[in-house]
file structure39.txt (compact mmCIF, C-alpha atoms)
# COMPACT_ATOMS: atom_id res chain seq x y z
CA ILE A 9 -41.03 -45.38 -23.29
CA SER A 10 -39.48 -48.81 -22.79
CA ARG A 11 -35.97 -47.23 -22.60
CA LYS A 12 -37.00 -44.94 -19.74
CA LYS A 13 -38.42 -47.66 -17.49
CA PRO A 14 -35.11 -49.49 -16.85
CA PHE A 15 -33.46 -46.13 -16.17
CA LEU A 16 -36.23 -45.17 -13.74
CA LYS A 17 -35.95 -48.52 -11.97
CA LEU A 18 -32.17 -48.09 -11.66
CA PHE A 19 -32.71 -44.53 -10.40
CA GLU A 20 -35.24 -45.77 -7.81
CA ILE A 21 -32.87 -48.54 -6.67
CA LYS A 22 -30.03 -46.04 -6.27
CA ASN A 23 -32.25 -43.66 -4.29
CA PHE A 24 -33.48 -46.47 -2.05
CA PHE A 25 -29.91 -47.65 -1.46
CA LEU A 26 -28.81 -44.10 -0.65
CA LEU A 27 -31.69 -43.72 1.79
CA VAL A 28 -30.87 -47.00 3.55
CA VAL A 29 -27.16 -46.12 3.82
CA SER A 30 -28.03 -42.65 5.17
CA VAL A 31 -30.38 -44.05 7.81
CA LEU A 32 -27.82 -46.68 8.85
CA PHE A 33 -25.16 -43.98 9.06
CA LEU A 34 -27.33 -42.01 11.46
CA ILE A 35 -28.45 -45.00 13.53
CA ILE A 36 -25.20 -46.96 13.95
CA PRO A 37 -22.88 -45.11 16.38
CA ASN A 38 -19.69 -43.86 14.75
CA PRO A 39 -17.34 -40.91 15.32
CA VAL A 40 -18.77 -38.86 12.46
CA ASN A 41 -22.42 -39.00 13.49
CA GLN A 42 -21.50 -38.53 17.15
CA ARG A 43 -19.71 -35.29 16.20
CA LEU A 44 -22.67 -34.33 14.01
CA PHE A 45 -25.09 -34.78 16.90
CA SER A 46 -22.77 -32.95 19.32
CA ILE A 47 -23.17 -29.81 17.20
CA ILE A 48 -26.74 -29.36 18.44
CA ASN A 49 -25.90 -30.28 22.04
CA LEU A 50 -25.92 -26.97 23.91
CA GLN A 51 -24.56 -28.72 27.00
CA ASP A 52 -21.28 -29.25 25.12
CA ASN A 53 -18.83 -26.56 26.21
CA SER A 54 -17.18 -26.27 22.78
CA VAL A 55 -20.53 -25.35 21.19
CA ASN A 56 -21.11 -22.62 23.79
CA GLU A 57 -17.57 -21.29 23.33
CA ARG A 58 -18.03 -21.16 19.56
CA LEU A 59 -21.35 -19.32 19.96
CA ASP A 60 -19.67 -16.84 22.33
CA LEU A 61 -16.87 -16.25 19.79
CA LEU A 62 -19.45 -15.64 17.06
CA LYS A 63 -21.34 -13.21 19.31
CA ASN A 64 -18.13 -11.37 20.24
CA GLY A 65 -17.08 -11.23 16.60
CA ILE A 66 -20.42 -9.69 15.59
CA GLU A 67 -20.21 -7.10 18.39
CA ILE A 68 -16.61 -6.20 17.52
CA THR A 69 -17.53 -5.89 13.83
CA GLN A 70 -20.44 -3.61 14.68
CA ASN A 71 -18.21 -1.42 16.84
CA ASN A 72 -15.40 -1.29 14.24
CA PHE A 73 -17.47 -1.57 11.08
CA TRP A 74 -15.30 0.38 8.62
CA SER A 75 -11.78 -0.07 9.98
CA GLY A 76 -11.81 -3.36 11.89
CA VAL A 77 -9.46 -3.97 14.79
CA GLY A 78 -6.38 -4.70 12.66
CA ILE A 79 -4.86 -7.86 11.24
CA GLY A 80 -4.29 -10.43 13.98
CA ASN A 81 -5.88 -8.29 16.71
CA LEU A 82 -9.12 -10.24 17.16
CA SER A 83 -7.63 -12.45 19.88
CA GLU A 84 -6.30 -9.39 21.74
CA THR A 85 -9.67 -7.66 21.43
CA ILE A 86 -11.65 -10.67 22.69
CA GLN A 87 -9.14 -11.65 25.38
CA PRO A 88 -6.90 -8.71 26.35
CA GLY A 89 -3.40 -9.77 27.30
CA SER A 90 -3.42 -12.86 25.08
CA SER A 91 -0.37 -13.54 22.98
CA LEU A 92 -0.34 -13.11 19.22
CA ARG A 93 -0.30 -16.88 18.81
CA THR A 94 -3.50 -17.49 20.79
CA PRO A 95 -5.86 -19.19 18.31
CA ILE A 96 -8.98 -17.13 18.95
CA TYR A 97 -11.13 -16.61 15.88
CA ALA A 98 -14.84 -16.29 15.14
CA HIS A 99 -15.19 -19.58 13.18
CA ASN A 100 -16.65 -17.71 10.22
CA LEU A 101 -14.30 -16.58 7.44
CA PHE A 102 -16.29 -13.48 6.52
CA LEU A 103 -16.81 -12.42 10.13
CA ASP A 104 -13.11 -12.96 10.90
CA PHE A 105 -12.00 -10.78 8.01
CA SER A 106 -14.61 -8.08 8.56
CA THR A 107 -13.73 -8.00 12.27
CA GLU A 108 -10.02 -7.54 11.58
CA LEU A 109 -10.13 -5.58 8.30
CA GLY A 110 -13.52 -3.88 8.42
CA PHE A 111 -16.47 -4.10 6.04
CA PHE A 112 -14.41 -3.88 2.85
CA GLY A 113 -12.06 -6.66 3.99
CA GLY A 114 -15.00 -9.00 4.61
CA LEU A 115 -16.58 -7.99 1.31
CA ALA A 116 -13.32 -8.60 -0.58
CA ILE A 117 -13.02 -12.14 0.81
CA PHE A 118 -16.65 -12.85 -0.07
CA LEU A 119 -16.15 -11.59 -3.64
CA ILE A 120 -12.95 -13.63 -4.05
CA ILE A 121 -14.77 -16.83 -3.08
CA PHE A 122 -17.95 -15.94 -4.97
CA SER A 123 -16.20 -14.96 -8.24
CA PRO A 124 -15.73 -18.53 -9.60
CA ILE A 125 -19.41 -19.22 -8.91
CA LYS A 126 -20.46 -16.05 -10.74
CA ASN A 127 -18.02 -16.83 -13.55
CA TYR A 128 -19.74 -20.15 -14.22
CA PHE A 129 -23.13 -18.48 -14.65
CA HIS A 130 -21.70 -15.96 -17.14
CA GLN A 131 -19.87 -18.54 -19.28
CA PRO A 132 -20.95 -22.11 -18.42
CA SER A 133 -18.53 -24.93 -19.13
CA PRO A 134 -17.79 -28.28 -17.45
CA LYS A 135 -14.52 -26.96 -15.97
CA LYS A 136 -16.24 -23.87 -14.59
CA LEU A 137 -19.06 -26.01 -13.19
CA LEU A 138 -16.50 -28.07 -11.27
CA LEU A 139 -14.81 -24.94 -9.93
CA ALA A 140 -18.16 -23.37 -9.03
CA SER A 141 -19.14 -26.53 -7.16
CA ILE A 142 -15.85 -26.51 -5.26
CA PHE A 143 -16.31 -22.86 -4.32
CA ILE A 144 -19.90 -23.43 -3.20
CA ILE A 145 -18.51 -26.05 -0.81
CA ILE A 146 -15.81 -23.59 0.32
CA LEU A 147 -18.45 -20.88 0.75
CA VAL A 148 -20.61 -23.08 2.97
CA HIS A 149 -17.57 -24.33 4.89
CA SER A 150 -16.50 -20.70 5.41
CA LEU A 151 -19.73 -19.96 7.25
CA PHE A 152 -18.68 -22.36 10.03
CA GLU A 153 -14.90 -22.29 9.94
CA THR A 154 -11.99 -20.18 8.68
CA PRO A 155 -10.30 -22.24 5.94
CA PHE A 156 -7.74 -19.50 5.20
CA TYR A 157 -6.10 -20.27 8.55
CA SER A 158 -5.57 -23.91 7.57
CA VAL A 159 -2.15 -24.81 6.17
CA HIS A 160 -3.87 -27.61 4.23
CA LEU A 161 -6.82 -25.71 2.77
CA LEU A 162 -5.35 -22.31 1.90
CA PRO A 163 -2.91 -23.65 -0.75
CA LEU A 164 -5.73 -25.73 -2.21
CA ILE A 165 -8.06 -22.72 -2.36
CA LEU A 166 -5.35 -20.57 -3.93
CA THR A 167 -4.67 -23.28 -6.52
CA PHE A 168 -8.36 -23.43 -7.42
CA LEU A 169 -8.48 -19.63 -7.67
CA ALA A 170 -5.51 -19.72 -10.04
CA ILE A 171 -7.32 -22.14 -12.33

call {"tool": "encode", "arguments": {"input": "structure39.txt", "output": "structure tokens"}}
result
Amino acid sequence: ISRKKPFLKLFEIKNFFLLVVSVLFLIIPNPVNQRLFSIINLQDNSVNERLDLLKNGIEITQNNFWSGVGIGNLSETIQPGSSLRTPIYAHNLFLDFSTELGFFGGLAIFLIIFSPIKNYFHQPSPKKLLLASIFIIILVHSLFETPFYSVHLLPLILTFLAI
């Protein structure tokens, strides 16, 4: 019992410190928390544009459920006459792929990202726990962005998949 008390006190101190740092982070103005708070600001034009892209992506996916609109054709479908290099995407990896490749394309991307997480639960190990944690982060990030379109993230994701 005496060994647990110092650990509990240290644990309580760490939690208190983490709470204080978190509150200060939210209270003291900085670029990160300003961007965080701008996400819920519906007066911000970029938030409205992102919501419109999500809505358009859902509608296009519903209308082209099995076949999609074709690789790279989302921008042309949303904004006819746009060039191939116009960066219009739905800001959701699974919606982007299901919009362009149909249901099975979106499902394939989901299974590729989910497989390391599932693999950990079938054969737990420290290495697989690390990979599963990384892919949980990628999975959550993919709900709000399209990391496969990033020249920085795609090679990293492919490297982690190869491990």

call {"tool": "atom_distance", "arguments": {"input": "structure39.txt", "atom1": "atom CA of A:Ile68", "atom2": "atom CA of A:Glu108"}}
result
9.0 Å

call {"tool": "residues_around", "arguments": {"input": "structure39.txt", "residues": "A:Gly80", "least_positions_apart": "3", "cutoff": "10 Å", "atoms": "only C-alpha atoms", "output": "JSON list (two decimals) with C-alpha atoms, in the coordinates of the input"}}
result
[["chain", "number", "residue", "atom", "x", "y", "z"],
["A", 77, "VAL", "CA", -9.46, -3.97, 14.79],
["A", 83, "SER", "CA", -7.63, -12.45, 19.88],
["A", 84, "GLU", "CA", -6.30, -9.39, 21.74],
["A", 85, "THR", "CA", -9.67, -7.66, 21.43],
["A", 92, "LEU", "CA", -0.34, -13.11, 19.22],
["A", 93, "ARG", "CA", -0.30, -16.88, 18.81],
["A", 94, "THR", "CA", -3.50, -17.49, 20.79],
["A", 95, "PRO", "CA", -5.86, -19.19, 18.31],
["A", 96, "ILE", "CA", -8.98, -17.13, 18.95],
["A", 97, "TYR", "CA", -11.13, -16.61, 15.88],
["A", 104, "ASP", "CA", -13.11, -12.96, 10.90],
["A", 105, "PHE", "CA", -12.00, -10.78, 8.01],
["A", 107, "THR", "CA", -13.73, -8.00, 12.27],
["A", 108, "GLU", "CA", -10.02, -7.54, 11.58],
["A", 109, "LEU", "CA", -10.13, -5.58, 8.30]]

call {"tool": "closest_residue", "arguments": {"input": "structure39.txt", "among": "A:Phe73, A:Phe25, A:Phe143, A:Phe152", "to": "A:Leu164", "atoms": "only C-alpha atoms"}}
result
A:Phe143

call {"tool": "atom_distance", "arguments": {"input": "structure39.txt", "atom1": "atom CA of A:Val55", "atom2": "atom CA of A:Gly78"}}
result
26.4 Å

call {"tool": "closest_residue", "arguments": {"input": "structure39.txt", "among": "A:Ile171, A:Ala116, A:Leu147, A:Leu82", "to": "A:Ala98", "atoms": "all atoms listed in the file"}}
result
A:Leu82

call {"tool": "axis_aligned_box", "arguments": {"input": "structure39.txt", "around": "stretch 18-35 of chain A", "padding_each_side": "5 Å", "output": "AutoDock Vina command-line options"}}
result
--center_x -30.2 --center_y -45.3 --center_z 0.9 --size_x 20.1 --size_y 16.5 --size_z 35.2

call {"tool": "build_atoms", "arguments": {"input": "structure39.txt", "residues": "stretch 145-166 of chain A", "atoms": "N, CA, C and O atoms", "output": "PDB file, keeping the file's coordinate frame"}}
result
ATOM      1  N   ILE A 145     -18.883 -25.287  -2.013  1.00  0.00           N
ATOM      2  CA  ILE A 145     -18.510 -26.050  -0.810  1.00  0.00           C
ATOM      3  C   ILE A 145     -17.638 -25.189   0.097  1.00  0.00           C
ATOM      4  O   ILE A 145     -17.835 -25.139   1.320  1.00  0.00           O
ATOM      5  N   ILE A 146     -16.670 -24.480  -0.471  1.00  0.00           N
ATOM      6  CA  ILE A 146     -15.810 -23.590   0.320  1.00  0.00           C
ATOM      7  C   ILE A 146     -16.626 -22.484   0.966  1.00  0.00           C
ATOM      8  O   ILE A 146     -16.416 -22.135   2.135  1.00  0.00           O
ATOM      9  N   LEU A 147     -17.592 -21.942   0.223  1.00  0.00           N
ATOM     10  CA  LEU A 147     -18.450 -20.880   0.750  1.00  0.00           C
ATOM     11  C   LEU A 147     -19.244 -21.364   1.951  1.00  0.00           C
ATOM     12  O   LEU A 147     -19.286 -20.701   2.997  1.00  0.00           O
ATOM     13  N   VAL A 148     -19.844 -22.534   1.844  1.00  0.00           N
ATOM     14  CA  VAL A 148     -20.610 -23.080   2.970  1.00  0.00           C
ATOM     15  C   VAL A 148     -19.693 -23.401   4.135  1.00  0.00           C
ATOM     16  O   VAL A 148     -19.989 -23.089   5.295  1.00  0.00           O
ATOM     17  N   HIS A 149     -18.541 -24.010   3.835  1.00  0.00           N
ATOM     18  CA  HIS A 149     -17.570 -24.330   4.890  1.00  0.00           C
ATOM     19  C   HIS A 149     -17.106 -23.056   5.602  1.00  0.00           C
ATOM     20  O   HIS A 149     -16.910 -23.048   6.821  1.00  0.00           O
ATOM     21  N   SER A 150     -16.974 -21.973   4.850  1.00  0.00           N
ATOM     22  CA  SER A 150     -16.500 -20.700   5.410  1.00  0.00           C
ATOM     23  C   SER A 150     -17.498 -20.079   6.380  1.00  0.00           C
ATOM     24  O   SER A 150     -17.128 -19.216   7.170  1.00  0.00           O
ATOM     25  N   LEU A 151     -18.747 -20.478   6.305  1.00  0.00           N
ATOM     26  CA  LEU A 151     -19.730 -19.960   7.250  1.00  0.00           C
ATOM     27  C   LEU A 151     -19.538 -20.539   8.649  1.00  0.00           C
ATOM     28  O   LEU A 151     -20.002 -19.967   9.633  1.00  0.00           O
ATOM     29  N   PHE A 152     -18.839 -21.677   8.751  1.00  0.00           N
ATOM     30  CA  PHE A 152     -18.680 -22.360  10.030  1.00  0.00           C
ATOM     31  C   PHE A 152     -17.230 -22.512  10.465  1.00  0.00           C
ATOM     32  O   PHE A 152     -16.960 -23.005  11.557  1.00  0.00           O
ATOM     33  N   GLU A 153     -16.310 -22.125   9.635  1.00  0.00           N
ATOM     34  CA  GLU A 153     -14.900 -22.290   9.940  1.00  0.00           C
ATOM     35  C   GLU A 153     -14.125 -21.229   9.153  1.00  0.00           C
ATOM     36  O   GLU A 153     -14.690 -20.530   8.327  1.00  0.00           O
ATOM     37  N   THR A 154     -12.830 -21.143   9.386  1.00  0.00           N
ATOM     38  CA  THR A 154     -11.990 -20.180   8.680  1.00  0.00           C
ATOM     39  C   THR A 154     -10.922 -20.954   7.915  1.00  0.00           C
ATOM     40  O   THR A 154      -9.825 -21.174   8.414  1.00  0.00           O
ATOM     41  N   PRO A 155     -11.246 -21.386   6.679  1.00  0.00           N
ATOM     42  CA  PRO A 155     -10.300 -22.240   5.940  1.00  0.00           C
ATOM     43  C   PRO A 155      -9.011 -21.533   5.547  1.00  0.00           C
ATOM     44  O   PRO A 155      -8.015 -22.197   5.275  1.00  0.00           O
ATOM     45  N   PHE A 156      -8.971 -20.197   5.554  1.00  0.00           N
ATOM     46  CA  PHE A 156      -7.740 -19.500   5.200  1.00  0.00           C
ATOM     47  C   PHE A 156      -6.681 -19.658   6.282  1.00  0.00           C
ATOM     48  O   PHE A 156      -5.516 -19.403   6.031  1.00  0.00           O
ATOM     49  N   TYR A 157      -7.067 -20.054   7.473  1.00  0.00           N
ATOM     50  CA  TYR A 157      -6.100 -20.270   8.550  1.00  0.00           C
ATOM     51  C   TYR A 157      -5.580 -21.700   8.567  1.00  0.00           C
ATOM     52  O   TYR A 157      -4.800 -22.066   9.434  1.00  0.00           O
ATOM     53  N   SER A 158      -6.007 -22.514   7.637  1.00  0.00           N
ATOM     54  CA  SER A 158      -5.570 -23.910   7.570  1.00  0.00           C
ATOM     55  C   SER A 158      -4.408 -24.038   6.588  1.00  0.00           C
ATOM     56  O   SER A 158      -4.524 -23.637   5.421  1.00  0.00           O
ATOM     57  N   VAL A 159      -3.305 -24.628   7.053  1.00  0.00           N
ATOM     58  CA  VAL A 159      -2.150 -24.810   6.170  1.00  0.00           C
ATOM     59  C   VAL A 159      -2.437 -25.839   5.075  1.00  0.00           C
ATOM     60  O   VAL A 159      -1.698 -25.917   4.092  1.00  0.00           O
ATOM     61  N   HIS A 160      -3.502 -26.618   5.238  1.00  0.00           N
ATOM     62  CA  HIS A 160      -3.870 -27.610   4.230  1.00  0.00           C
ATOM     63  C   HIS A 160      -4.842 -27.031   3.204  1.00  0.00           C
ATOM     64  O   HIS A 160      -4.759 -27.344   2.019  1.00  0.00           O
ATOM     65  N   LEU A 161      -5.779 -26.208   3.657  1.00  0.00           N
ATOM     66  CA  LEU A 161      -6.820 -25.710   2.770  1.00  0.00           C
ATOM     67  C   LEU A 161      -6.428 -24.459   1.994  1.00  0.00           C
ATOM     68  O   LEU A 161      -6.830 -24.303   0.834  1.00  0.00           O
ATOM     69  N   LEU A 162      -5.689 -23.554   2.591  1.00  0.00           N
ATOM     70  CA  LEU A 162      -5.350 -22.310   1.900  1.00  0.00           C
ATOM     71  C   LEU A 162      -4.603 -22.557   0.591  1.00  0.00           C
ATOM     72  O   LEU A 162      -4.984 -21.988  -0.438  1.00  0.00           O
ATOM     73  N   PRO A 163      -3.569 -23.398   0.553  1.00  0.00           N
ATOM     74  CA  PRO A 163      -2.910 -23.650  -0.750  1.00  0.00           C
ATOM     75  C   PRO A 163      -3.852 -24.271  -1.775  1.00  0.00           C
ATOM     76  O   PRO A 163      -3.791 -23.949  -2.960  1.00  0.00           O
ATOM     77  N   LEU A 164      -4.752 -25.113  -1.312  1.00  0.00           N
ATOM     78  CA  LEU A 164      -5.730 -25.730  -2.210  1.00  0.00           C
ATOM     79  C   LEU A 164      -6.679 -24.672  -2.769  1.00  0.00           C
ATOM     80  O   LEU A 164      -6.947 -24.636  -3.978  1.00  0.00           O
ATOM     81  N   ILE A 165      -7.162 -23.785  -1.920  1.00  0.00           N
ATOM     82  CA  ILE A 165      -8.060 -22.720  -2.360  1.00  0.00           C
ATOM     83  C   ILE A 165      -7.345 -21.788  -3.329  1.00  0.00           C
ATOM     84  O   ILE A 165      -7.893 -21.416  -4.374  1.00  0.00           O
ATOM     85  N   LEU A 166      -6.105 -21.437  -3.027  1.00  0.00           N
ATOM     86  CA  LEU A 166      -5.350 -20.570  -3.930  1.00  0.00           C
ATOM     87  C   LEU A 166      -5.083 -21.243  -5.276  1.00  0.00           C
ATOM     88  O   LEU A 166      -5.132 -20.583  -6.321  1.00  0.00           O
TER      89      LEU A 166
END
